[in-house]
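What follows is the content of run.cif, which has mmCIF, C-alpha atoms:
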```cif
data_query
#
loop_
_atom_site.group_PDB
_atom_site.id
_atom_site.type_symbol
_atom_site.label_atom_id
_atom_site.label_comp_id
_atom_site.auth_asym_id
_atom_site.auth_seq_id
_atom_site.Cartn_x
_atom_site.Cartn_y
_atom_site.Cartn_z
ATOM 1 C CA VAL A 1 -21.027 -50.516 -46.637
ATOM 2 C CA ILE A 2 -21.973 -53.439 -48.888
ATOM 3 C CA GLY A 3 -24.937 -51.493 -50.242
ATOM 4 C CA LEU A 4 -22.720 -48.503 -50.995
ATOM 5 C CA VAL A 5 -20.196 -50.624 -52.872
ATOM 6 C CA GLY A 6 -23.089 -52.290 -54.672
ATOM 7 C CA LEU A 7 -24.386 -48.907 -55.794
ATOM 8 C CA LEU A 8 -20.971 -48.088 -57.252
ATOM 9 C CA VAL A 9 -21.418 -50.745 -59.932
ATOM 10 C CA VAL A 10 -24.860 -49.556 -61.078
ATOM 11 C CA PRO A 11 -24.295 -47.213 -64.022
ATOM 12 C CA LEU A 12 -26.631 -44.367 -64.823
ATOM 13 C CA GLN A 13 -27.129 -45.731 -68.319
ATOM 14 C CA MET A 14 -28.752 -48.851 -66.864
ATOM 15 C CA SER A 15 -31.591 -46.849 -65.350
ATOM 16 C CA LEU A 16 -32.246 -44.376 -68.151
ATOM 17 C CA ILE A 17 -35.696 -45.708 -69.067
ATOM 18 C CA PRO A 18 -37.121 -45.819 -65.498
ATOM 19 C CA LEU A 19 -35.732 -42.354 -64.750
ATOM 20 C CA LEU A 20 -37.114 -40.997 -68.004
ATOM 21 C CA LYS A 21 -40.563 -42.394 -67.174
ATOM 22 C CA LEU A 22 -40.335 -40.843 -63.703
ATOM 23 C CA TYR A 23 -39.275 -37.480 -65.133
ATOM 24 C CA ASN A 24 -42.047 -37.496 -67.729
ATOM 25 C CA ALA A 25 -44.601 -38.373 -65.048
ATOM 26 C CA SER A 26 -43.432 -35.478 -62.851
ATOM 27 C CA GLY A 27 -43.770 -33.031 -65.717
ATOM 28 C CA PHE A 28 -41.312 -30.403 -64.524
ATOM 29 C CA LEU A 29 -38.131 -32.516 -64.780
ATOM 30 C CA SER A 30 -38.409 -33.647 -68.387
ATOM 31 C CA LYS A 31 -36.336 -31.803 -70.985
ATOM 32 C CA THR A 32 -34.540 -29.635 -68.392
ATOM 33 C CA TYR A 33 -31.021 -29.315 -67.110
ATOM 34 C CA LEU A 34 -32.326 -29.942 -63.600
ATOM 35 C CA GLY A 35 -33.252 -33.496 -64.538
ATOM 36 C CA ILE A 36 -29.737 -34.190 -65.807
ATOM 37 C CA TRP A 37 -28.178 -32.611 -62.717
ATOM 38 C CA LEU A 38 -30.333 -34.685 -60.381
ATOM 39 C CA ALA A 39 -29.524 -37.903 -62.235
ATOM 40 C CA HIS A 40 -25.778 -37.258 -62.223
ATOM 41 C CA THR A 41 -25.873 -36.193 -58.570
ATOM 42 C CA GLY A 42 -27.764 -39.272 -57.488
ATOM 43 C CA PHE A 43 -25.436 -41.632 -59.309
ATOM 44 C CA GLY A 44 -22.316 -39.740 -58.227
ATOM 45 C CA LEU A 45 -23.147 -39.874 -54.512
ATOM 46 C CA PRO A 46 -22.013 -43.490 -53.900
ATOM 47 C CA LEU A 47 -18.519 -42.705 -55.209
ATOM 48 C CA ALA A 48 -18.416 -39.495 -53.177
ATOM 49 C CA CYS A 49 -19.497 -41.276 -49.986
ATOM 50 C CA TYR A 50 -17.042 -44.119 -50.501
ATOM 51 C CA LEU A 51 -14.080 -41.903 -51.347
ATOM 52 C CA LEU A 52 -14.731 -39.303 -48.649
ATOM 53 C CA TYR A 53 -15.532 -41.860 -45.942
ATOM 54 C CA ASN A 54 -12.224 -43.633 -46.538
ATOM 55 C CA TYR A 55 -10.338 -40.357 -46.520
ATOM 56 C CA ILE A 56 -12.022 -38.788 -43.486
ATOM 57 C CA SER A 57 -11.751 -41.979 -41.438
ATOM 58 C CA GLY A 58 -7.984 -41.769 -41.940
ATOM 59 C CA ILE A 59 -7.759 -38.380 -40.209
ATOM 60 C CA PRO A 60 -6.123 -38.861 -36.800
ATOM 61 C CA LYS A 61 -8.639 -38.835 -33.955
ATOM 62 C CA ASP A 62 -6.220 -36.874 -31.773
ATOM 63 C CA ILE A 63 -6.752 -33.756 -33.865
ATOM 64 C CA LEU A 64 -10.522 -33.948 -33.495
ATOM 65 C CA GLU A 65 -10.314 -34.728 -29.770
ATOM 66 C CA SER A 66 -8.008 -31.791 -29.101
ATOM 67 C CA ALA A 67 -10.368 -29.472 -30.975
ATOM 68 C CA PHE A 68 -13.286 -30.818 -28.933
ATOM 69 C CA ILE A 69 -11.378 -30.247 -25.686
ATOM 70 C CA ASP A 70 -10.631 -26.683 -26.804
ATOM 71 C CA GLY A 71 -14.378 -26.113 -27.035
ATOM 72 C CA ALA A 72 -15.009 -26.446 -30.756
ATOM 73 C CA SER A 73 -18.482 -27.496 -31.828
ATOM 74 C CA HIS A 74 -19.077 -30.257 -34.369
ATOM 75 C CA PHE A 75 -19.742 -27.696 -37.088
ATOM 76 C CA THR A 76 -16.536 -25.795 -36.249
ATOM 77 C CA MET A 77 -14.513 -29.028 -36.284
ATOM 78 C CA PHE A 78 -15.969 -29.914 -39.665
ATOM 79 C CA THR A 79 -15.424 -26.518 -41.277
ATOM 80 C CA SER A 80 -12.052 -25.752 -39.668
ATOM 81 C CA LEU A 81 -10.421 -29.182 -39.588
ATOM 82 C CA VAL A 82 -12.116 -31.896 -41.590
ATOM 83 C CA LEU A 83 -12.980 -29.861 -44.676
ATOM 84 C CA PRO A 84 -9.494 -28.324 -45.185
ATOM 85 C CA LEU A 85 -7.835 -31.689 -44.554
ATOM 86 C CA SER A 86 -10.182 -33.340 -47.094
ATOM 87 C CA VAL A 87 -9.240 -31.091 -50.007
ATOM 88 C CA PRO A 88 -7.227 -33.848 -51.815
ATOM 89 C CA ALA A 89 -10.152 -36.286 -51.698
ATOM 90 C CA LEU A 90 -12.622 -33.583 -52.733
ATOM 91 C CA ALA A 91 -10.373 -32.537 -55.620
ATOM 92 C CA SER A 92 -9.971 -36.079 -56.938
ATOM 93 C CA PHE A 93 -13.727 -36.647 -56.714
ATOM 94 C CA ALA A 94 -14.346 -33.321 -58.451
ATOM 95 C CA ILE A 95 -12.073 -34.365 -61.318
ATOM 96 C CA PHE A 96 -13.791 -37.735 -61.722
ATOM 97 C CA GLN A 97 -17.305 -36.324 -61.516
ATOM 98 C CA PHE A 98 -16.585 -33.368 -63.778
ATOM 99 C CA LEU A 99 -15.055 -35.517 -66.507
ATOM 100 C CA TRP A 100 -17.885 -38.025 -66.231
ATOM 101 C CA VAL A 101 -20.549 -35.341 -66.602
ATOM 102 C CA TRP A 102 -18.685 -33.263 -69.183
ATOM 103 C CA ASN A 103 -18.282 -36.177 -71.590
ATOM 104 C CA ASP A 104 -21.764 -37.627 -71.119
ATOM 105 C CA TYR A 105 -23.625 -37.428 -74.395
ATOM 106 C CA LEU A 106 -26.100 -40.276 -73.929
ATOM 107 C CA VAL A 107 -27.733 -39.044 -70.712
ATOM 108 C CA ALA A 108 -28.158 -35.526 -72.070
ATOM 109 C CA LEU A 109 -29.577 -36.868 -75.322
ATOM 110 C CA ILE A 110 -32.119 -39.070 -73.532
ATOM 111 C CA PHE A 111 -33.225 -36.587 -70.864
ATOM 112 C CA ILE A 112 -33.249 -33.409 -72.972
ATOM 113 C CA GLY A 113 -34.384 -35.071 -76.187
ATOM 114 C CA PHE A 114 -33.534 -35.219 -79.829
ATOM 115 C CA GLY A 115 -35.378 -32.044 -80.773
ATOM 116 C CA SER A 116 -33.885 -28.810 -81.978
ATOM 117 C CA GLY A 117 -34.758 -26.832 -78.853
ATOM 118 C CA GLU A 118 -32.488 -24.419 -77.048
ATOM 119 C CA ASN A 119 -31.708 -26.799 -74.165
ATOM 120 C CA LYS A 120 -28.620 -28.611 -75.407
ATOM 121 C CA VAL A 121 -25.328 -29.441 -73.774
ATOM 122 C CA LEU A 122 -21.969 -29.008 -75.497
ATOM 123 C CA THR A 123 -21.682 -32.618 -76.659
ATOM 124 C CA MET A 124 -25.103 -32.367 -78.323
ATOM 125 C CA ARG A 125 -24.097 -29.139 -80.062
ATOM 126 C CA ILE A 126 -20.879 -30.742 -81.298
ATOM 127 C CA ALA A 127 -22.787 -33.752 -82.645
ATOM 128 C CA ASP A 128 -25.064 -31.357 -84.547
ATOM 129 C CA LEU A 129 -22.036 -30.056 -86.470
ATOM 130 C CA VAL A 130 -21.735 -33.286 -88.434
ATOM 131 C CA GLY A 131 -24.058 -33.622 -91.387
ATOM 132 C CA SER A 132 -26.525 -36.453 -91.830
ATOM 133 C CA ARG A 133 -24.116 -38.405 -94.070
ATOM 134 C CA GLY A 134 -20.959 -37.802 -92.064
ATOM 135 C CA GLN A 135 -19.583 -34.860 -93.979
ATOM 136 C CA ASP A 136 -17.903 -31.942 -92.229
ATOM 137 C CA TRP A 137 -15.773 -34.195 -90.028
ATOM 138 C CA HIS A 138 -13.191 -31.421 -89.854
ATOM 139 C CA LEU A 139 -15.705 -29.325 -87.885
ATOM 140 C CA LEU A 140 -16.286 -32.216 -85.495
ATOM 141 C CA THR A 141 -12.584 -32.713 -84.785
ATOM 142 C CA ALA A 142 -11.988 -28.980 -84.357
ATOM 143 C CA ALA A 143 -14.932 -28.669 -81.960
ATOM 144 C CA GLY A 144 -13.769 -31.750 -80.046
ATOM 145 C CA PHE A 145 -10.315 -30.224 -79.697
ATOM 146 C CA VAL A 146 -11.711 -26.898 -78.472
ATOM 147 C CA SER A 147 -14.053 -28.667 -76.014
ATOM 148 C CA MET A 148 -11.017 -30.285 -74.347
ATOM 149 C CA ILE A 149 -9.849 -26.927 -73.007
ATOM 150 C CA VAL A 150 -12.204 -26.803 -70.002
ATOM 151 C CA PRO A 151 -11.459 -30.377 -68.770
ATOM 152 C CA LEU A 152 -7.728 -29.702 -69.128
ATOM 153 C CA ILE A 153 -8.034 -26.522 -67.069
ATOM 154 C CA VAL A 154 -9.955 -28.400 -64.354
ATOM 155 C CA PHE A 155 -7.448 -31.255 -64.301
ATOM 156 C CA PHE A 156 -4.341 -29.062 -64.207
ATOM 157 C CA ALA A 157 -5.868 -26.834 -61.535
ATOM 158 C CA LEU A 158 -6.547 -29.854 -59.279
ATOM 159 C CA GLN A 159 -3.767 -32.260 -60.308
ATOM 160 C CA ARG A 160 -1.559 -31.677 -57.281
ATOM 161 C CA TYR A 161 -4.305 -33.107 -55.065
ATOM 162 C CA PHE A 162 -5.273 -35.914 -57.426
ATOM 163 C CA VAL A 163 -2.790 -38.639 -56.458
ATOM 164 C CA ARG A 164 -2.993 -37.830 -52.743
ATOM 165 C CA GLY A 165 -6.773 -38.029 -52.887
ATOM 166 C CA LEU A 166 -6.796 -41.343 -54.709
ATOM 167 C CA MET A 167 -4.266 -42.965 -52.407
ATOM 168 C CA ALA A 168 -6.025 -41.748 -49.272
ATOM 169 C CA GLY A 169 -7.469 -44.505 -47.189
ATOM 170 C CA SER A 170 -5.873 -47.233 -49.288
ATOM 171 C CA VAL A 171 -2.771 -47.777 -47.164
ATOM 172 C CA LYS A 172 -2.989 -48.158 -43.407
ATOM 173 C CA GLY A 173 0.106 -47.474 -41.462
#
```
Give the structure from this file in C-alpha cells form.
Amino acid sequence: VIGLVGLLVVPLQMSLIPLLKLYNASGFLSKTYLGIWLAHTGFGLPLACYLLYNYISGIPKDILESAFIDGASHFTMFTSLVLPLSVPALASFAIFQFLWVWNDYLVALIFIGFGSGENKVLTMRIADLVGSRGQDWHLLTAAGFVSMIVPLIVFFALQRYFVRGLMAGSVKG
C-alpha cells in the first residue's frame, strides 16, 4: 500500500528522459501513439488501483458470500456483481484519466517529436496554428474552444457517477 501511494506522487513528466531513452532503444515504440499510450497507462495504474481498491473493499461481503453460496464462480461474481457496483469509481477514474491524457501536450511532444510528420495529437496540431512570432492568436483560441467539446461531452456523460465515485471508500460507516 505504501508503494502504491508512493507511485501516485511520481509524475510522468519526471521520467520523460529515461522513458524516451528506453523507447529509442526498443526502436518500435519511438514516435508512435503506442509509446504514449503505454506511458499514460503505466502512470495511470497507481491511481486506478488506489481508487478501485478503496471502492471495491467497501462493497458488503454479504453480497459476495451469498453469490458464492448460490454457486457463482469468481469470474461470474466479478462480472455480475463487482463490475456493475463499481461503475461510479470507474467513471470518476475515466474522467480523471481522460482529462489528463487529453490535455497532455508535453508527453506527446517529447515522445512523438517536434517534426512535421503525420503522427500528431490534437494539442500539437493546435500549437501549430500559432505562427512563429505569436500571430494568429485568434485561431489558437478558436481551436482551444472547439477542442473543449469532447472533454465536456465525457464529463457530462459521466457526471452523475463522479461525486459518488470520489467519495467511495472515504467514509466508513
Spell out the residues picked by the PyMOL selection byres ((chain A and resi 57) around 12) here, as a PyMOL selection string. chain A and resi 49-56+58-61+64+82+85-86+89+168-170+172
Using only C-alpha atoms, determine which residues lie at most 12 Å from Ala94 (chain A), disregarding the query and same-chain residues fewer than 2 positions distant; provide the list as a VMD selection string. chain A and resid 41 44 to 45 47 to 48 51 to 52 87 to 92 96 to 102 151 154 to 155 157 to 159 161 to 162 165 to 166
Interatomic distance (Å, one decimal) between CA of Phe93 (chain A) and CA of Val107 (chain A): 19.9 Å
For Leu7 (chain A), the closest of A:Leu29, A:Ala39, A:Met148, A:Pro46 counting all atoms listed in the file is A:Pro46
Taking the file above as input, evaluate the PyMOL selection byres ((chain A and resi 31) around 6) and report the hits as an mmCIF file with C-alpha atoms, in the frame of the given file.
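Generated output (part01.cif):
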```
data_model
loop_
_atom_site.group_PDB
_atom_site.id
_atom_site.type_symbol
_atom_site.label_atom_id
_atom_site.label_comp_id
_atom_site.auth_asym_id
_atom_site.auth_seq_id
_atom_site.Cartn_x
_atom_site.Cartn_y
_atom_site.Cartn_z
ATOM 1 C CA SER A 30 -38.409 -33.647 -68.387
ATOM 2 C CA THR A 32 -34.540 -29.635 -68.392
ATOM 3 C CA PHE A 111 -33.225 -36.587 -70.864
ATOM 4 C CA ILE A 112 -33.249 -33.409 -72.972
#
```
Go through the shown structure with the PyMOL selection byres ((chain A and resi 140) around 8) and write out the matching residues as a compact mmCIF listing (two decimals) with C-alpha atoms, in the frame of the given file.
```
# COMPACT_ATOMS: atom_id res chain seq x y z
CA ILE A 126 -20.88 -30.74 -81.30
CA ALA A 127 -22.79 -33.75 -82.64
CA LEU A 129 -22.04 -30.06 -86.47
CA VAL A 130 -21.74 -33.29 -88.43
CA ASP A 136 -17.90 -31.94 -92.23
CA TRP A 137 -15.77 -34.20 -90.03
CA HIS A 138 -13.19 -31.42 -89.85
CA LEU A 139 -15.70 -29.32 -87.88
CA THR A 141 -12.58 -32.71 -84.78
CA ALA A 142 -11.99 -28.98 -84.36
CA ALA A 143 -14.93 -28.67 -81.96
CA GLY A 144 -13.77 -31.75 -80.05
```
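Coordinates place CA of Phe114 (chain A) at a distance of 16.8 Å from CA of Leu19 (chain A).
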Residues at most 12 Å from Ser15 (chain A), counting all atoms listed in the file, excluding those fewer than 2 positions away in the same chain, as a list in words?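 Result of the neighbour search: Val10, Pro11, Leu12, Gln13, Ile17, Pro18, Leu19, Leu20, Lys21, Leu22, Ala39, His40, Gly42, Phe43, Val107, Ile110 and Phe111 of chain A.
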